[in-house]
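*Asks:* File name model.pdb; file contents PDB, C-alpha atoms, pLDDT in the B column; full text below.
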MODEL        1
ATOM      1  CA  GLY A   6     -49.320 -10.262  -1.741  1.00 95.00           C
ATOM      2  CA  VAL A   7     -46.018 -10.671  -3.549  1.00 97.00           C
ATOM      3  CA  ARG A   8     -44.619 -12.768  -6.396  1.00 97.00           C
ATOM      4  CA  ARG A   9     -41.291 -12.592  -8.178  1.00 97.00           C
ATOM      5  CA  TYR A  10     -41.543 -10.836 -11.558  1.00 97.00           C
ATOM      6  CA  ASP A  11     -38.005 -11.463 -12.828  1.00 96.00           C
ATOM      7  CA  ALA A  12     -34.514 -12.057 -11.459  1.00 94.00           C
ATOM      8  CA  SER A  13     -34.336  -8.686  -9.678  1.00 95.00           C
ATOM      9  CA  THR A  14     -37.889  -7.378  -9.167  1.00 98.00           C
ATOM     10  CA  VAL A  15     -41.144  -8.421  -7.528  1.00 98.00           C
ATOM     11  CA  LEU A  16     -44.806  -7.616  -8.112  1.00 98.00           C
ATOM     12  CA  LEU A  17     -46.822  -6.448  -5.106  1.00 98.00           C
ATOM     13  CA  ALA A  18     -50.629  -6.322  -5.025  1.00 98.00           C
ATOM     14  CA  CYS A  19     -51.823  -3.584  -2.696  1.00 97.00           C
ATOM     15  CA  SER A  20     -53.796  -0.320  -2.492  1.00 97.00           C
ATOM     16  CA  TYR A  21     -53.463   3.438  -2.174  1.00 97.00           C
ATOM     17  CA  THR A  22     -55.573   6.185  -0.667  1.00 96.00           C
ATOM     18  CA  ALA A  23     -55.379   9.663  -2.135  1.00 87.00           C
ATOM     19  CA  SER A  24     -55.820  12.568   0.296  1.00 86.00           C
ATOM     20  CA  GLY A  25     -59.505  12.918   1.157  1.00 86.00           C
ATOM     21  CA  SER A  26     -60.467   9.994  -1.071  1.00 90.00           C
ATOM     22  CA  VAL A  27     -61.319   6.297  -0.744  1.00 95.00           C
ATOM     23  CA  THR A  28     -59.034   3.271  -0.996  1.00 97.00           C
ATOM     24  CA  GLN A  29     -58.338   1.965  -4.503  1.00 97.00           C
ATOM     25  CA  GLY A  30     -56.322  -0.974  -5.751  1.00 97.00           C
ATOM     26  CA  MET A  31     -52.876  -0.805  -7.309  1.00 98.00           C
ATOM     27  CA  TRP A  32     -49.904  -3.015  -8.014  1.00 98.00           C
ATOM     28  CA  TRP A  33     -46.231  -2.143  -7.736  1.00 98.00           C
ATOM     29  CA  LEU A  34     -43.231  -3.479  -9.636  1.00 98.00           C
ATOM     30  CA  GLY A  35     -39.807  -2.933  -8.148  1.00 98.00           C
ATOM     31  CA  SER A  36     -36.915  -4.058  -6.003  1.00 98.00           C
ATOM     32  CA  LEU A  37     -37.344  -4.961  -2.356  1.00 95.00           C
ATOM     33  CA  THR A  38     -33.614  -4.407  -1.962  1.00 95.00           C
ATOM     34  CA  THR A  39     -33.545  -0.790  -3.118  1.00 96.00           C
ATOM     35  CA  GLY A  40     -37.198   0.138  -2.583  1.00 95.00           C
ATOM     36  CA  SER A  41     -37.285   1.622  -6.080  1.00 97.00           C
ATOM     37  CA  GLY A  42     -40.239   0.742  -8.282  1.00 98.00           C
ATOM     38  CA  THR A  43     -43.240   1.795 -10.339  1.00 98.00           C
ATOM     39  CA  PRO A  44     -46.845   1.955  -9.068  1.00 97.00           C
ATOM     40  CA  TYR A  45     -49.737   1.045 -11.376  1.00 98.00           C
ATOM     41  CA  GLN A  46     -52.978   2.605 -10.139  1.00 97.00           C
ATOM     42  CA  VAL A  47     -55.536   0.536 -12.044  1.00 97.00           C
ATOM     43  CA  LEU A  48     -59.255   0.225 -11.251  1.00 97.00           C
ATOM     44  CA  PRO A  49     -61.330  -2.839 -12.188  1.00 98.00           C
ATOM     45  CA  GLN A  50     -62.805  -2.354 -15.660  1.00 97.00           C
ATOM     46  CA  ILE A  51     -66.107  -4.207 -16.068  1.00 96.00           C
ATOM     47  CA  PRO A  52     -68.732  -2.852 -18.524  1.00 96.00           C
ATOM     48  CA  GLY A  53     -71.711  -1.156 -16.871  1.00 97.00           C
ATOM     49  CA  GLN A  54     -70.040  -0.890 -13.484  1.00 97.00           C
ATOM     50  CA  THR A  55     -68.828   2.304 -11.805  1.00 97.00           C
ATOM     51  CA  VAL A  56     -66.179   1.311  -9.261  1.00 97.00           C
ATOM     52  CA  THR A  57     -66.377   3.115  -5.916  1.00 96.00           C
ATOM     53  CA  THR A  58     -63.557   1.405  -3.998  1.00 97.00           C
ATOM     54  CA  SER A  59     -61.141  -1.476  -4.551  1.00 98.00           C
ATOM     55  CA  LEU A  60     -58.247  -3.386  -2.994  1.00 98.00           C
ATOM     56  CA  TYR A  61     -55.877  -5.968  -4.498  1.00 98.00           C
ATOM     57  CA  TYR A  62     -54.508  -8.865  -2.459  1.00 98.00           C
ATOM     58  CA  GLY A  63     -52.676 -11.417  -4.591  1.00 97.00           C
ATOM     59  CA  PRO A  64     -50.495 -11.224  -7.731  1.00 98.00           C
ATOM     60  CA  ASN A  65     -49.237 -13.912 -10.082  1.00 98.00           C
ATOM     61  CA  THR A  66     -46.551 -13.630 -12.752  1.00 98.00           C
ATOM     62  CA  ALA A  67     -45.110 -15.493 -15.722  1.00 97.00           C
ATOM     63  CA  PHE A  68     -41.904 -15.992 -13.729  1.00 97.00           C
ATOM     64  CA  VAL A  69     -43.677 -18.537 -11.509  1.00 95.00           C
ATOM     65  CA  ASN A  70     -46.337 -19.519 -14.090  1.00 95.00           C
ATOM     66  CA  PRO A  71     -44.647 -19.447 -17.547  1.00 95.00           C
ATOM     67  CA  SER A  72     -47.913 -20.526 -19.189  1.00 93.00           C
ATOM     68  CA  LEU A  73     -49.218 -16.982 -18.630  1.00 95.00           C
ATOM     69  CA  GLY A  74     -46.845 -15.723 -21.302  1.00 95.00           C
ATOM     70  CA  SER A  75     -44.071 -13.168 -20.985  1.00 94.00           C
ATOM     71  CA  GLY A  76     -45.239  -9.836 -19.549  1.00 93.00           C
ATOM     72  CA  THR A  77     -48.647 -11.157 -18.473  1.00 97.00           C
ATOM     73  CA  ILE A  78     -49.713 -10.861 -14.843  1.00 98.00           C
ATOM     74  CA  GLN A  79     -52.724 -11.869 -12.784  1.00 98.00           C
ATOM     75  CA  VAL A  80     -54.120  -9.955  -9.816  1.00 98.00           C
ATOM     76  CA  VAL A  81     -57.050 -10.763  -7.532  1.00 98.00           C
ATOM     77  CA  GLY A  82     -58.832  -8.554  -5.055  1.00 98.00           C
ATOM     78  CA  SER A  83     -62.187  -7.068  -4.143  1.00 98.00           C
ATOM     79  CA  TYR A  84     -64.188  -3.998  -5.127  1.00 98.00           C
ATOM     80  CA  LYS A  85     -67.543  -2.245  -4.782  1.00 98.00           C
ATOM     81  CA  TYR A  86     -69.563  -0.581  -7.532  1.00 97.00           C
ATOM     82  CA  GLU A  87     -72.572   1.740  -7.710  1.00 96.00           C
ATOM     83  CA  GLN A  88     -74.867  -0.499  -9.784  1.00 96.00           C
ATOM     84  CA  ALA A  89     -74.435  -3.604  -7.620  1.00 96.00           C
ATOM     85  CA  PRO A  90     -77.558  -5.334  -6.255  1.00 93.00           C
ATOM     86  CA  MET A  91     -75.891  -4.998  -2.850  1.00 91.00           C
ATOM     87  CA  PRO A  92     -73.657  -1.901  -3.251  1.00 84.00           C
ATOM     88  CA  ASN A  93     -72.258  -2.104   0.276  1.00 92.00           C
ATOM     89  CA  VAL A  94     -70.697  -5.557  -0.093  1.00 96.00           C
ATOM     90  CA  ASN A  95     -67.430  -6.582  -1.694  1.00 98.00           C
ATOM     91  CA  TYR A  96     -67.298  -8.444  -4.982  1.00 98.00           C
ATOM     92  CA  GLY A  97     -64.237 -10.339  -6.099  1.00 98.00           C
ATOM     93  CA  VAL A  98     -62.257  -9.528  -9.211  1.00 98.00           C
ATOM     94  CA  LEU A  99     -59.594 -11.275 -11.298  1.00 98.00           C
ATOM     95  CA  TYR A 100     -57.340  -9.410 -13.742  1.00 98.00           C
ATOM     96  CA  THR A 101     -55.276 -11.139 -16.431  1.00 98.00           C
ATOM     97  CA  GLY A 102     -53.247  -9.017 -18.828  1.00 98.00           C
ATOM     98  CA  PRO A 103     -50.222  -6.785 -19.307  1.00 98.00           C
ATOM     99  CA  LEU A 104     -48.460  -5.042 -16.440  1.00 97.00           C
ATOM    100  CA  SER A 105     -49.845  -1.665 -17.585  1.00 97.00           C
ATOM    101  CA  GLY A 106     -53.419  -2.764 -16.890  1.00 96.00           C
ATOM    102  CA  ALA A 107     -54.454  -1.735 -20.408  1.00 95.00           C
ATOM    103  CA  GLY A 108     -56.151  -4.257 -22.660  1.00 92.00           C
ATOM    104  CA  GLY A 109     -56.384  -7.053 -20.102  1.00 96.00           C
ATOM    105  CA  THR A 110     -59.369  -9.139 -19.029  1.00 97.00           C
ATOM    106  CA  TRP A 111     -61.369  -8.426 -15.860  1.00 98.00           C
ATOM    107  CA  THR A 112     -63.657 -11.078 -14.358  1.00 98.00           C
ATOM    108  CA  GLN A 113     -66.067 -10.515 -11.489  1.00 98.00           C
ATOM    109  CA  LEU A 114     -65.958 -13.257  -8.859  1.00 98.00           C
ATOM    110  CA  ALA A 115     -69.000 -13.891  -6.673  1.00 98.00           C
ATOM    111  CA  VAL A 116     -69.558 -17.148  -4.812  1.00 98.00           C
ATOM    112  CA  PRO A 117     -72.986 -18.500  -5.910  1.00 98.00           C
ATOM    113  CA  SER A 118     -75.500 -18.587  -3.075  1.00 97.00           C
ATOM    114  CA  GLY A 119     -76.779 -21.911  -4.434  1.00 96.00           C
ATOM    115  CA  ILE A 120     -73.709 -23.780  -3.172  1.00 97.00           C
ATOM    116  CA  THR A 121     -73.815 -22.244   0.322  1.00 96.00           C
ATOM    117  CA  SER A 122     -76.255 -22.338   3.227  1.00 92.00           C
ATOM    118  CA  GLY A 123     -77.573 -18.808   2.634  1.00 95.00           C
ATOM    119  CA  THR A 124     -77.304 -15.629   0.556  1.00 97.00           C
ATOM    120  CA  VAL A 125     -73.698 -14.678  -0.089  1.00 97.00           C
ATOM    121  CA  ALA A 126     -72.638 -11.166   0.929  1.00 97.00           C
ATOM    122  CA  ASN A 127     -68.897 -10.492   0.511  1.00 98.00           C
ATOM    123  CA  THR A 128     -66.619 -12.405  -1.858  1.00 98.00           C
ATOM    124  CA  VAL A 129     -62.944 -11.597  -1.251  1.00 98.00           C
ATOM    125  CA  PRO A 130     -60.292 -13.446  -3.316  1.00 98.00           C
ATOM    126  CA  HIS A 131     -56.833 -13.453  -1.739  1.00 98.00           C
ATOM    127  CA  SER A 132     -54.485 -15.427  -3.980  1.00 98.00           C
ATOM    128  CA  VAL A 133     -54.128 -16.834  -7.507  1.00 98.00           C
ATOM    129  CA  MET A 134     -51.716 -19.246  -9.156  1.00 98.00           C
ATOM    130  CA  GLY A 135     -52.111 -21.545 -12.134  1.00 96.00           C
ATOM    131  CA  ASP A 136     -55.813 -22.254 -12.623  1.00 96.00           C
ATOM    132  CA  ILE A 137     -56.880 -21.658  -9.016  1.00 98.00           C
ATOM    133  CA  VAL A 138     -58.086 -18.632  -7.033  1.00 98.00           C
ATOM    134  CA  VAL A 139     -58.712 -18.920  -3.296  1.00 98.00           C
ATOM    135  CA  GLY A 140     -60.361 -16.519  -0.872  1.00 98.00           C
ATOM    136  CA  ASN A 141     -63.171 -16.012   1.623  1.00 98.00           C
ATOM    137  CA  TYR A 142     -66.897 -15.275   1.603  1.00 98.00           C
ATOM    138  CA  ASP A 143     -69.631 -14.671   4.165  1.00 97.00           C
ATOM    139  CA  LEU A 144     -73.424 -14.656   4.255  1.00 97.00           C
ATOM    140  CA  VAL A 145     -75.979 -11.857   4.530  1.00 96.00           C
ATOM    141  CA  ASP A 146     -77.267 -11.255   8.074  1.00 92.00           C
ATOM    142  CA  ALA A 147     -75.337 -14.266   9.385  1.00 93.00           C
ATOM    143  CA  PRO A 148     -72.625 -13.357  11.914  1.00 91.00           C
ATOM    144  CA  ALA A 149     -69.660 -15.747  12.082  1.00 91.00           C
ATOM    145  CA  SER A 150     -70.558 -17.241   8.687  1.00 94.00           C
ATOM    146  CA  GLY A 151     -67.158 -16.701   7.088  1.00 95.00           C
ATOM    147  CA  ASN A 152     -65.796 -19.564   5.005  1.00 97.00           C
ATOM    148  CA  ALA A 153     -63.214 -20.190   2.297  1.00 98.00           C
ATOM    149  CA  PHE A 154     -63.882 -20.737  -1.412  1.00 98.00           C
ATOM    150  CA  LEU A 155     -61.966 -21.900  -4.460  1.00 98.00           C
ATOM    151  CA  TYR A 156     -62.510 -20.740  -8.046  1.00 98.00           C
ATOM    152  CA  ASN A 157     -61.261 -22.621 -11.124  1.00 97.00           C
ATOM    153  CA  VAL A 158     -60.193 -20.069 -13.747  1.00 96.00           C
ATOM    154  CA  VAL A 159     -60.499 -22.568 -16.613  1.00 95.00           C
ATOM    155  CA  THR A 160     -63.921 -24.043 -15.825  1.00 95.00           C
ATOM    156  CA  GLY A 161     -65.408 -20.984 -14.110  1.00 96.00           C
ATOM    157  CA  SER A 162     -66.617 -23.221 -11.276  1.00 96.00           C
ATOM    158  CA  TYR A 163     -66.622 -22.602  -7.528  1.00 97.00           C
ATOM    159  CA  ALA A 164     -66.092 -24.918  -4.567  1.00 97.00           C
ATOM    160  CA  ILE A 165     -66.487 -24.139  -0.886  1.00 96.00           C
ATOM    161  CA  PHE A 166     -64.419 -25.565   1.952  1.00 96.00           C
ATOM    162  CA  SER A 167     -65.953 -28.035   4.386  1.00 93.00           C
ATOM    163  CA  ILE A 168     -63.164 -27.870   6.947  1.00 91.00           C
ATOM    164  CA  GLY A 169     -63.806 -26.744  10.523  1.00 89.00           C
ATOM    165  CA  ASN A 170     -65.526 -23.387  11.195  1.00 91.00           C
ATOM    166  CA  LEU A 171     -64.692 -19.860  10.068  1.00 95.00           C
ATOM    167  CA  THR A 172     -62.238 -21.293   7.537  1.00 97.00           C
ATOM    168  CA  SER A 173     -60.059 -18.846   5.606  1.00 97.00           C
ATOM    169  CA  ALA A 174     -57.870 -19.308   2.512  1.00 98.00           C
ATOM    170  CA  TYR A 175     -55.149 -16.701   2.031  1.00 98.00           C
ATOM    171  CA  GLY A 176     -52.556 -18.276  -0.259  1.00 98.00           C
ATOM    172  CA  VAL A 177     -52.326 -20.861  -3.041  1.00 98.00           C
ATOM    173  CA  TRP A 178     -49.221 -22.392  -4.615  1.00 97.00           C
ATOM    174  CA  GLN A 179     -49.136 -24.638  -7.685  1.00 97.00           C
ATOM    175  CA  ASN A 180     -46.904 -27.663  -7.132  1.00 96.00           C
ATOM    176  CA  SER A 181     -47.602 -29.303 -10.505  1.00 94.00           C
ATOM    177  CA  ALA A 182     -50.283 -29.420 -13.192  1.00 93.00           C
ATOM    178  CA  ASP A 183     -52.693 -31.249 -10.884  1.00 95.00           C
ATOM    179  CA  SER A 184     -51.465 -30.382  -7.396  1.00 97.00           C
ATOM    180  CA  TYR A 185     -51.873 -27.230  -5.310  1.00 98.00           C
ATOM    181  CA  THR A 186     -51.179 -26.302  -1.690  1.00 98.00           C
ATOM    182  CA  ILE A 187     -53.477 -23.841   0.089  1.00 98.00           C
ATOM    183  CA  VAL A 188     -52.737 -22.018   3.343  1.00 98.00           C
ATOM    184  CA  GLY A 189     -55.172 -20.287   5.664  1.00 98.00           C
ATOM    185  CA  GLY A 190     -56.837 -21.029   8.951  1.00 97.00           C
ATOM    186  CA  SER A 191     -59.799 -22.713  10.591  1.00 97.00           C
ATOM    187  CA  GLN A 192     -61.495 -22.993  13.950  1.00 95.00           C
ATOM    188  CA  ILE A 193     -60.976 -26.491  15.300  1.00 92.00           C
ATOM    189  CA  GLY A 194     -62.376 -27.420  18.711  1.00 90.00           C
ATOM    190  CA  GLY A 195     -63.077 -23.759  19.420  1.00 91.00           C
ATOM    191  CA  ILE A 196     -59.465 -22.744  18.750  1.00 95.00           C
ATOM    192  CA  ASN A 197     -58.328 -20.713  15.731  1.00 95.00           C
ATOM    193  CA  LYS A 198     -55.442 -22.533  14.039  1.00 97.00           C
ATOM    194  CA  ALA A 199     -53.301 -22.032  10.960  1.00 98.00           C
ATOM    195  CA  MET A 200     -53.943 -24.601   8.243  1.00 97.00           C
ATOM    196  CA  ILE A 201     -52.194 -26.144   5.228  1.00 98.00           C
ATOM    197  CA  VAL A 202     -54.120 -28.395   2.853  1.00 98.00           C
ATOM    198  CA  ASP A 203     -53.472 -29.876  -0.601  1.00 98.00           C
ATOM    199  CA  TYR A 204     -55.969 -29.742  -3.465  1.00 97.00           C
ATOM    200  CA  THR A 205     -56.270 -31.863  -6.630  1.00 97.00           C
ATOM    201  CA  PRO A 206     -58.216 -30.088  -9.424  1.00 95.00           C
ATOM    202  CA  SER A 207     -58.779 -33.158 -11.618  1.00 94.00           C
ATOM    203  CA  ASN A 208     -61.112 -34.732  -9.052  1.00 94.00           C
ATOM    204  CA  GLY A 209     -61.896 -31.689  -6.913  1.00 94.00           C
ATOM    205  CA  SER A 210     -60.579 -33.316  -3.767  1.00 94.00           C
ATOM    206  CA  PHE A 211     -58.891 -31.828  -0.708  1.00 95.00           C
ATOM    207  CA  GLY A 212     -56.207 -33.674   1.213  1.00 96.00           C
ATOM    208  CA  THR A 213     -56.026 -34.022   4.989  1.00 96.00           C
ATOM    209  CA  PRO A 214     -55.385 -30.590   6.539  1.00 96.00           C
ATOM    210  CA  SER A 215     -52.447 -29.962   8.838  1.00 97.00           C
ATOM    211  CA  TYR A 216     -53.070 -27.534  11.703  1.00 96.00           C
ATOM    212  CA  PHE A 217     -50.640 -25.347  13.651  1.00 95.00           C
TER
ENDMDL
END
Please rewrite the model in this file as structure tokens.

*Replies:*
Amino acid sequence: GVRRYDASTVLLACSYTASGSVTQGMWWLGSLTTGSGTPYQVLPQIPGQTVTTSLYYGPNTAFVNPSLGSGTIQVVGSYKYEQAPMPNVNYGVLYTGPLSGAGGTWTQLAVPSGITSGTVANTVPHSVMGDIVVGNYDLVDAPASGNAFLYNVVTGSYAIFSIGNLTSAYGVWQNSADSYTIVGGSQIGGINKAMIVDYTPSNGSFGTPSYF
């Protein structure tokens, strides 16, 4: 993922793999024009958890969300850790803090099984902006159970999408204080299609999706 950081640089959320090691998350600040920038190799920091692998997908910056405060970024992604009840599945993570990764706040994201039709396995956030995180989840021992979810950073609440089958949510953009646009995909009539849908946080409602 990519978001503008200032007038000349962007923030990329991504990953790196050291020789002979596993994939870990990082973000990169630099110029897409010159290719020059600085990598920040930062692992999720949650007390009592030993991270084994991680990957970051979506950044957010004060340039597009001034309410974050100058120098503050947000990054979402997924990770695994040794002490997890299901160590082989991905858990979501949200970082809010300085660019350095030091002294920020890390929040684990896991779609509650109680709001789905089964036991949740992987939770993979893809994008964050304003008060909203979007991503995907699937269920344990349930092939083709993938679906999209939404997490409200302020209330700490989750919502799942009830749109088509195998719905995905890959990007969110804040239009105003109470209006967001989400992009992803869904299976409609047996065909996988791209999707755009609006969301209103104040009443938790989705608009009518457009398919492509």

*Asks:* Identify all residues satisfying the PyMOL selection byres ((chain A and resi 107) around 12) in the given file; provide them as number ranges by chain.

*Replies:* A: 45-50, 77-78, 100-106, 108-111

*Asks:* Give as a PyMOL selection string the set of residues within 12 Å of the point (-59.2, -32.5, 0.7), where distances use the file's coordinates and only C-alpha atoms.

*Replies:* chain A and resi 164-168+184-187+201-206+208-215

*Asks:* Which residues are near segment 169-182 of chain A? Cut-off 10 Å, only C-alpha atoms, ignore same chain within fewer than 4 positions. Put them as a PyMOL selection string.

*Replies:* chain A and resi 6+62-63+69-70+129-143+149-155+165+186-207

*Asks:* Could those residues be written to a file, using C-alpha atoms, as a PDB file, keeping the file's coordinate frame?

*Replies:*
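Ended up saving to part_4.pdb:
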ATOM      1  CA  GLY A   6     -49.320 -10.262  -1.741  1.00 95.00           C
ATOM      2  CA  TYR A  62     -54.508  -8.865  -2.459  1.00 98.00           C
ATOM      3  CA  GLY A  63     -52.676 -11.417  -4.591  1.00 97.00           C
ATOM      4  CA  VAL A  69     -43.677 -18.537 -11.509  1.00 95.00           C
ATOM      5  CA  ASN A  70     -46.337 -19.519 -14.090  1.00 95.00           C
ATOM      6  CA  VAL A 129     -62.944 -11.597  -1.251  1.00 98.00           C
ATOM      7  CA  PRO A 130     -60.292 -13.446  -3.316  1.00 98.00           C
ATOM      8  CA  HIS A 131     -56.833 -13.453  -1.739  1.00 98.00           C
ATOM      9  CA  SER A 132     -54.485 -15.427  -3.980  1.00 98.00           C
ATOM     10  CA  VAL A 133     -54.128 -16.834  -7.507  1.00 98.00           C
ATOM     11  CA  MET A 134     -51.716 -19.246  -9.156  1.00 98.00           C
ATOM     12  CA  GLY A 135     -52.111 -21.545 -12.134  1.00 96.00           C
ATOM     13  CA  ASP A 136     -55.813 -22.254 -12.623  1.00 96.00           C
ATOM     14  CA  ILE A 137     -56.880 -21.658  -9.016  1.00 98.00           C
ATOM     15  CA  VAL A 138     -58.086 -18.632  -7.033  1.00 98.00           C
ATOM     16  CA  VAL A 139     -58.712 -18.920  -3.296  1.00 98.00           C
ATOM     17  CA  GLY A 140     -60.361 -16.519  -0.872  1.00 98.00           C
ATOM     18  CA  ASN A 141     -63.171 -16.012   1.623  1.00 98.00           C
ATOM     19  CA  TYR A 142     -66.897 -15.275   1.603  1.00 98.00           C
ATOM     20  CA  ASP A 143     -69.631 -14.671   4.165  1.00 97.00           C
ATOM     21  CA  ALA A 149     -69.660 -15.747  12.082  1.00 91.00           C
ATOM     22  CA  SER A 150     -70.558 -17.241   8.687  1.00 94.00           C
ATOM     23  CA  GLY A 151     -67.158 -16.701   7.088  1.00 95.00           C
ATOM     24  CA  ASN A 152     -65.796 -19.564   5.005  1.00 97.00           C
ATOM     25  CA  ALA A 153     -63.214 -20.190   2.297  1.00 98.00           C
ATOM     26  CA  PHE A 154     -63.882 -20.737  -1.412  1.00 98.00           C
ATOM     27  CA  LEU A 155     -61.966 -21.900  -4.460  1.00 98.00           C
ATOM     28  CA  ILE A 165     -66.487 -24.139  -0.886  1.00 96.00           C
ATOM     29  CA  THR A 186     -51.179 -26.302  -1.690  1.00 98.00           C
ATOM     30  CA  ILE A 187     -53.477 -23.841   0.089  1.00 98.00           C
ATOM     31  CA  VAL A 188     -52.737 -22.018   3.343  1.00 98.00           C
ATOM     32  CA  GLY A 189     -55.172 -20.287   5.664  1.00 98.00           C
ATOM     33  CA  GLY A 190     -56.837 -21.029   8.951  1.00 97.00           C
ATOM     34  CA  SER A 191     -59.799 -22.713  10.591  1.00 97.00           C
ATOM     35  CA  GLN A 192     -61.495 -22.993  13.950  1.00 95.00           C
ATOM     36  CA  ILE A 193     -60.976 -26.491  15.300  1.00 92.00           C
ATOM     37  CA  GLY A 194     -62.376 -27.420  18.711  1.00 90.00           C
ATOM     38  CA  GLY A 195     -63.077 -23.759  19.420  1.00 91.00           C
ATOM     39  CA  ILE A 196     -59.465 -22.744  18.750  1.00 95.00           C
ATOM     40  CA  ASN A 197     -58.328 -20.713  15.731  1.00 95.00           C
ATOM     41  CA  LYS A 198     -55.442 -22.533  14.039  1.00 97.00           C
ATOM     42  CA  ALA A 199     -53.301 -22.032  10.960  1.00 98.00           C
ATOM     43  CA  MET A 200     -53.943 -24.601   8.243  1.00 97.00           C
ATOM     44  CA  ILE A 201     -52.194 -26.144   5.228  1.00 98.00           C
ATOM     45  CA  VAL A 202     -54.120 -28.395   2.853  1.00 98.00           C
ATOM     46  CA  ASP A 203     -53.472 -29.876  -0.601  1.00 98.00           C
ATOM     47  CA  TYR A 204     -55.969 -29.742  -3.465  1.00 97.00           C
ATOM     48  CA  THR A 205     -56.270 -31.863  -6.630  1.00 97.00           C
ATOM     49  CA  PRO A 206     -58.216 -30.088  -9.424  1.00 95.00           C
ATOM     50  CA  SER A 207     -58.779 -33.158 -11.618  1.00 94.00           C
TER      51      SER A 207
END

*Asks:* Measuring atom to atom with all atoms listed in the file, identify which of A:Ile120, A:Val27, A:Leu34, A:Val94 is nearest to Val15 of chain A.

*Replies:* A:Leu34

*Asks:* Would you compute the distance between atom CA of Thr28 of chain A and atom CA of Ser162 of chain A? Give it in Å to one decimal.

*Replies:*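 Interatomic distance, atom CA of Thr28 of chain A to atom CA of Ser162 of chain A: 29.4 Å.
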
*Asks:* Written as a ChimeraX atom specification, what is the full residue list that the PyMOL selection byres ((chain A and resi 96) around 7) yields on the file shown?

*Replies:* /A:83-85,94-95,97-98,113-115,127-129

*Asks:* Expanded to explicit residues, what is the PyMOL selection byres ((chain A and resi 60) around 9) for this file, as a VMD selection string?

*Replies:* chain A and resid 18 to 21 28 to 31 58 to 59 61 to 62 81 to 84

*Asks:* Grab the residues selected above and save them as a short mmCIF file (atom, residue, chain, number, x, y, z; two decimals), in the frame of the given file with C-alpha atoms.

*Replies:*
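Listed below is the output, out_10.cif:
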data_model
loop_
_atom_site.label_atom_id
_atom_site.label_comp_id
_atom_site.auth_asym_id
_atom_site.auth_seq_id
_atom_site.Cartn_x
_atom_site.Cartn_y
_atom_site.Cartn_z
CA ALA A 18 -50.63 -6.32 -5.03
CA CYS A 19 -51.82 -3.58 -2.70
CA SER A 20 -53.80 -0.32 -2.49
CA TYR A 21 -53.46 3.44 -2.17
CA THR A 28 -59.03 3.27 -1.00
CA GLN A 29 -58.34 1.96 -4.50
CA GLY A 30 -56.32 -0.97 -5.75
CA MET A 31 -52.88 -0.80 -7.31
CA THR A 58 -63.56 1.40 -4.00
CA SER A 59 -61.14 -1.48 -4.55
CA TYR A 61 -55.88 -5.97 -4.50
CA TYR A 62 -54.51 -8.86 -2.46
CA VAL A 81 -57.05 -10.76 -7.53
CA GLY A 82 -58.83 -8.55 -5.06
CA SER A 83 -62.19 -7.07 -4.14
CA TYR A 84 -64.19 -4.00 -5.13
#

*Asks:* Just to confirm, what's the straight-line distance from atom CA of Thr57 of chain A to atom CA of Gly35 of chain A in Å (one decimal)?

*Replies:* 27.3 Å

*Asks:* Could you please determine the separation between atom CA of Tyr10 of chain A and atom CA of Ala67 of chain A in Å, to one decimal place?

*Replies:*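 So the two atoms, atom CA of Tyr10 of chain A and atom CA of Ala67 of chain A, lie 7.2 Å apart.
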
*Asks:* With all atoms listed in the file as the counted atoms, please give the residues lying no more than 9 Å from Asp11 of chain A, apart from itself and same-chain residues fewer than 2 positions off, as a list in words.

*Replies:* Arg9, Ser13, Thr14, Val15, Thr66, Ala67 and Phe68 of chain A

*Asks:* Using all atoms listed in the file for the distances, tell me which of A:Ser75, A:Thr43, A:Asn65, A:Thr55 is nearest to Ala89 of chain A.

*Replies:* A:Thr55

*Asks:* Smallest atom-to-atom distance to Gly40 of chain A: which of A:Leu17, A:Val80, A:Asn93, A:Ala12, using all atoms listed in the file?

*Replies:*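 Selected residue with least distance to Gly40 of chain A: A:Leu17.
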